[in-house]
Every structure is written in C-alpha cells, then in structure tokens.
Amino acid sequence: MIKLAETILNGLALGSVYALIALGFVVIFKASGVMNFAHGSLLLFGGYVMARLHDSIGFIPAVLAGAALAAALAGLVQLLATRGLRGAEIHTLTILTIGVDVLLSTELNRRVGADFLSMGDPWGADVTQFGGITVADARIASIAVAVVVISGFFAAFRWTRWGLSMRSAAADPEAAALMGIRLDRVRLIAWCVAGALAAVAAVFLAAFPAAGLDRTTSQIALSAFPAAILGGMDSAAGALVGSLVIGLTAAMAAGYQSELSVLGSGFADVAPYLVMVLVLLVRPTGLFGSKELTRV
Amino acid sequence: MSPPPVSPAPAQSGSLRITDLHVTYGRSVRALHGVSLTVPQGRIVAVLGSNGAGKTTLLRAVSGTLTLHRGTVDSGTVHFGGTRLTGDPARSVAAGVVQVPEGRRIFGALSVEDNLRAGFLGARRSGRADRHAARERVFALFPLLAERRRQAAGLLSGGEQQMLAMGRALMAAPRLLLLDEPSLGLAPLMVQRIAAIIREINAQGTSILLVEQNASMALALSDRASVLDVGQVRLEGASADLAETDEVRRLYLGESYDVDGTADEGAMSPAASSTARPATEPGLTELSRWNG
C-alpha cells in the first residue's frame, strides 16, 4: 500500500514534468503546425545555462535566465523558419527542427561531455516522510511548480488576448489573419513560451533522484512526446492528461519492475509508447484531439 | 428587427481605389489582369463573375491575404482613404478594411462570444468601452448571436454562421466591409435576411464591396457593379443599368428575372443553383434553373 502511494506520487511528479514539455510541443504544433523535434535540445540548452550560471548568480536567477535564453533560442528557430524559409511547407519546417536538434545537441554534448552538472537546486537529496511514505523534496517541488506554471498557462490561454489570438490562429490561420491577428507574432510567442516551459522542466529532470544534468537528459525529455500524441497533439488539456497517464505508467512500470520481470528489464522505457499505441488504436485522434465540430 | 443604434459615421474620407491591378499565383497563373475599381465612401459596389473569374483574388489583394495563397501583386495599387494597402492583413484591418471570407470560416470550436472577441483583436480602437460598443452594435444587428453567445460556433446553422462571420468582422468597426459570397449555400429566405442586414450595415455608414455569384441579389443591393471575367473587368456601371443589359441577363440572371422582384427567384448562378435547397420553402416550386 505504501509502495503504491509512493509510486503514484512519483508518477504524478514525473507526469508534471512531462506536462511542461508536452505543453510546449502542443503550443508549437497548434500555432505553426510544426512538430518540434528540437524540443529535447532546447530543454538541454536551458538546463545547461542554469547549471553554468547558478554558482555565480544563485538558483532562482539562474532558472529565470535559463528559461529566458531557451525562449529566445526557440524564438530564433521560429524566426529562422519564417524569415529564412518564407513560404516553405510545414513538413520542411518540421525537418528543419531535426537539423536544429542535431546542431544543438552536438554542441551541447561537446560542452557537457560525460559530466553530470549540478543544477544547484535547494532541495538536494532531501526527502520528506509522512505516514510512512517517503518522497524526494524535488518531486514535491516539481508537482507544485508545474501546477502553478500550468495553471498560469491555461489562464493565459483562456483569457488573454494572446490566448485568444492563439486559439483563433490554430483554428483557421487565414480567418485569423483577416481579423488583423499577426500570425508571425502569435507563432513567435508560442515558440518562446514552449522554450521557457522546457527549460523549467529541465530543472526537475536533473534534480534528485537523477544525478544531475547530463547529455541524455534531452532523450528523457522525448518521453513527453507520447504524452502529447496521446492527448491529441493539438489539445493543451489533452497534453496535461496524457502527461499524467504517461508519468503514472512509467512510474508503475519502474516501481513494479520485479513483478513485471517476465516482460524484460527495460519495460519501464517501453510502457509509455505501449500506452500511446493502445490509446491511438481506440481513439485515433488521441484523447482530446480535435474532432470536427460540425452541425449535421 | 429593432432599429440598431446608429454608429458614428467615419470622419475621414474612406473610398477604396484599386488601380490597374495585376495578380499572379505561383509566378505563372495569372488571376487578375489590369483590374481597376472604386468603392466610393458609403456605397455598395458589387463584383459579379463566374467561378475562376478572379473575384476572390480581388478581395485577397485588398485584405492582404494573397501571400497566404502564394499570390503576388505584380503591378497596380490598392488605396483606402489615404492609406496604401500593401499586402499585410493586419494593416488593412487597422486601416478599417475587414473581409468576411468565403465559406464563413468561423472558429468552430470557439464560442460565439470568443469569435466576436477575436474579431476585435485587430480593431483600430481597442479600449474596453470600444469593445462593448462594438459588441452591442453586433448584437443589435444579430439578436440571435446574443442568445447563442455561449454556444460553440460550429453548432450554428449555415445562415447563423454567416451572421456570425459578418458580426465578427463588424467587431473591428470597419469603414469598408468586404463580403465574399455571403449567400453561398444559404436557403432563399436566409439570403433575403442577409441582404437586408447588408443594407442595414451600409445605412449605418459602412461602405461595402460585395462579391457574389447570386447576381440578382448583388444587383438589387448595390449602387454600382463590375462584371469580372478571366481576370478582367468586362462590364461596369450602375447596377440598375447592368441588370438591363442583355449580356448580364443572359449570363447571370436567367430568363425569368424581374428587376424589382425578390432576390431569390429564378436568378441563381450556375454554382448556386446546384446547391441543395429545401423543397418545402414557399414559392420555390417553380424555381427556374439557370440554363445558359
């Protein structure tokens, strides 16, 4: 029972981190139709900036700086895509993100090397115990931060001018343009928001019980990919639910590895994709993917 | 319909002048070839023509959405008032020119209210009071939208969606409204209602450039009209005169057209006449199809 509770808490923590990443995928996809394969590298870039800066300027400023620089870099990718390749197909831009990913991850791998970089986070290896349950402080923090950040995101999405521009542009870019909405600006902001969200996620992917930021962190981030697809790729709420499902699945598969040994030792890594495939078999558009809402 | 509050007439002169406009798509397909057209302030001007004549292209050139379709203006200019419109939709909206796209293109998953809010995003005056005033004006014109403000827009009927599309465009308080086939796919009674609303919007001081295949409706509504054919203006003149010319009667109005009659009898263009219409509508059993 205690193990189950711990596993669920771990799953929620993992899911909250995935949600930060998956929301970024979804926001970029909604705004520009591009599947951003450079998202993992953007995350690693944000984390790298934090790891390098926290000694000199402190943890919180380092996080803000990392988020800001990751946002700027994501915005730069979008500017490159729209200014440099004006009129290019969406597929071309998606391939472009793979190129950006290769460039960025190669350079970051060179800089990080085989090290595990400390993020300088205040939680360290502390744990909290209550009712016999032991949870790492970093995981509690990740849930708390994700709840705040994601709530803020949804509030902005629902009530601000940017959110409305974003939803309009996603629904019908040309009609939105005819309303005087500047598509380039909406897309630029979407990429920046996604970059910042990914950088925040980097903090918790590198925090305890992980050893620190290393070059494989960007690959862990890709586990958020099935979360976004599972949720429906163009639904922010779907990304949230999908992330929690994937997080819980991964935590369960890892927590009960010994019971699942018949499936092999790497099952925890495969489980998210398995869930994704199963959901897509039943609902091809994902849990909350856009079905055409039309009157018959 | 209760008379809506009269909006303040625009102070500055706002006439649209299109001069010798040449447009091509993808560097090879010529869509417009030297089109000139004027919409004087406060007037309704109609553009007629069959499919592929270049009507929508003309509107795109004014609203600035050509680039979204890989179209370019090779030569010629579009001026509205003192502003030259250069192919930036946001700039056109800011200048007071707003287009209602063909096929409505409302945001189906958004509520009616959010659709209207989106229409206000590019408005010239963007204060809270301005938004409230714009919304009240739209609700006065379309009381139905007020009733359904919380519904998803995709659940409205075709005619209601056309009303929403027009209401959304009016949220930006345009001085010139571009209408692309507002009657497309609508039942005759709804076409009449839309026509009445267009007249009302014009009476409140907004100029209108109306692109239509439903020539009888367009000619009955407009002051002047141009007939576009393969990217060139073939005929131009006062609507009442145009409706009398043999060419227009034969090509666009059908044999049984009556100039003073209602806008929907026996006067359908090729595309519109093939759309499904409910047989139970009164007065439609003797609908004569276009037979040119």
# chains A, B, ... in the order shown; residues from 1 in each chain; ligands from 1
call {"tool": "interface_residues", "arguments": {"of": "chain A", "to": "chain B", "cutoff": "7 Å", "atoms": "only C-alpha atoms", "output": "list in words"}}
result
Leu164, Ser165, Ser168, Ala171, Asp172, Ala175, Ala177, Leu178, Met179, Gly180, Ile181, Arg182, Leu293, Thr294 and Arg295 of chain A
call {"tool": "write_last_selection", "arguments": {"atoms": "C-alpha atoms", "output": "PDB file, in the first residue's frame"}}
result
ATOM      1  CA  LEU A 164      -7.462  34.133 -27.978  1.00  0.00           C
ATOM      2  CA  SER A 165      -5.163  35.011 -30.894  1.00  0.00           C
ATOM      3  CA  SER A 168      -8.078  31.630 -33.405  1.00  0.00           C
ATOM      4  CA  ALA A 171      -8.467  27.093 -35.687  1.00  0.00           C
ATOM      5  CA  ASP A 172      -8.087  28.919 -39.013  1.00  0.00           C
ATOM      6  CA  ALA A 175      -9.532  33.787 -40.974  1.00  0.00           C
ATOM      7  CA  ALA A 177      -5.219  36.957 -40.311  1.00  0.00           C
ATOM      8  CA  LEU A 178      -8.348  38.590 -41.714  1.00  0.00           C
ATOM      9  CA  MET A 179      -9.206  39.685 -38.167  1.00  0.00           C
ATOM     10  CA  GLY A 180      -5.917  41.552 -38.070  1.00  0.00           C
ATOM     11  CA  ILE A 181      -4.196  38.947 -35.909  1.00  0.00           C
ATOM     12  CA  ARG A 182      -0.480  38.887 -36.733  1.00  0.00           C
ATOM     13  CA  LEU A 293     -17.398  20.023 -34.546  1.00  0.00           C
ATOM     14  CA  THR A 294     -19.995  20.382 -37.242  1.00  0.00           C
ATOM     15  CA  ARG A 295     -23.709  20.541 -37.409  1.00  0.00           C
TER      16      ARG A 295
END
call {"tool": "residues_around", "arguments": {"residues": "stretch 23-38 of chain B", "least_positions_apart": "3", "cutoff": "6 Å", "atoms": "only C-alpha atoms", "output": "list in words"}}
result
Leu16, Arg17, Ile18, Thr19, Asp20, Gly54, Arg70, Gly71, Thr72, Val73, Asp74, Gly231 and Gln232 of chain B
call {"tool": "atom_distance", "arguments": {"atom1": "atom CA of A:Ser218", "atom2": "atom CA of A:Leu278"}}
result
25.2 Å
call {"tool": "select_by_dssp", "arguments": {"residues": "stretch 19-61 of chain A", "states": "helix (DSSP H, G or I)", "output": "number ranges by chain"}}
result
A: 19-32, 39-57, 59-61
call {"tool": "atom_distance", "arguments": {"atom1": "atom CA of B:Arg128", "atom2": "atom CA of A:Trp162"}}
result
16.1 Å
call {"tool": "residues_around", "arguments": {"residues": "A:Ile28", "least_positions_apart": "6", "cutoff": "7 Å", "atoms": "only C-alpha atoms", "output": "VMD selection string"}}
result
chain A and resid 34 190 to 191 194
call {"tool": "residues_around", "arguments": {"residues": "A:Thr285", "least_positions_apart": "4", "cutoff": "10 Å", "atoms": "only C-alpha atoms", "output": "list in words"}}
result
Ile229, Leu230, Gly231, Gly232, Met233, Asp234, Val279, Leu280, Leu281, Gly289, Ser290 and Lys291 of chain A
call {"tool": "residues_around", "arguments": {"residues": "B:Arg175", "least_positions_apart": "4", "cutoff": "8 Å", "atoms": "only C-alpha atoms", "output": "PyMOL selection string"}}
result
chain B and resi 10+14+96-97+205-207
call {"tool": "residues_around", "arguments": {"residues": "A:Gly120", "least_positions_apart": "3", "cutoff": "12 Å", "atoms": "only C-alpha atoms", "output": "NGL selection string"}}
result
:A and (47-63 or 116-117 or 123-125 or 138 or 203-204 or 206-208 or 211-213)
call {"tool": "closest_residue", "arguments": {"among": "B:Leu145, B:Val233, B:Ala46, B:Leu21", "to": "B:Asp180", "atoms": "only C-alpha atoms"}}
result
B:Ala46
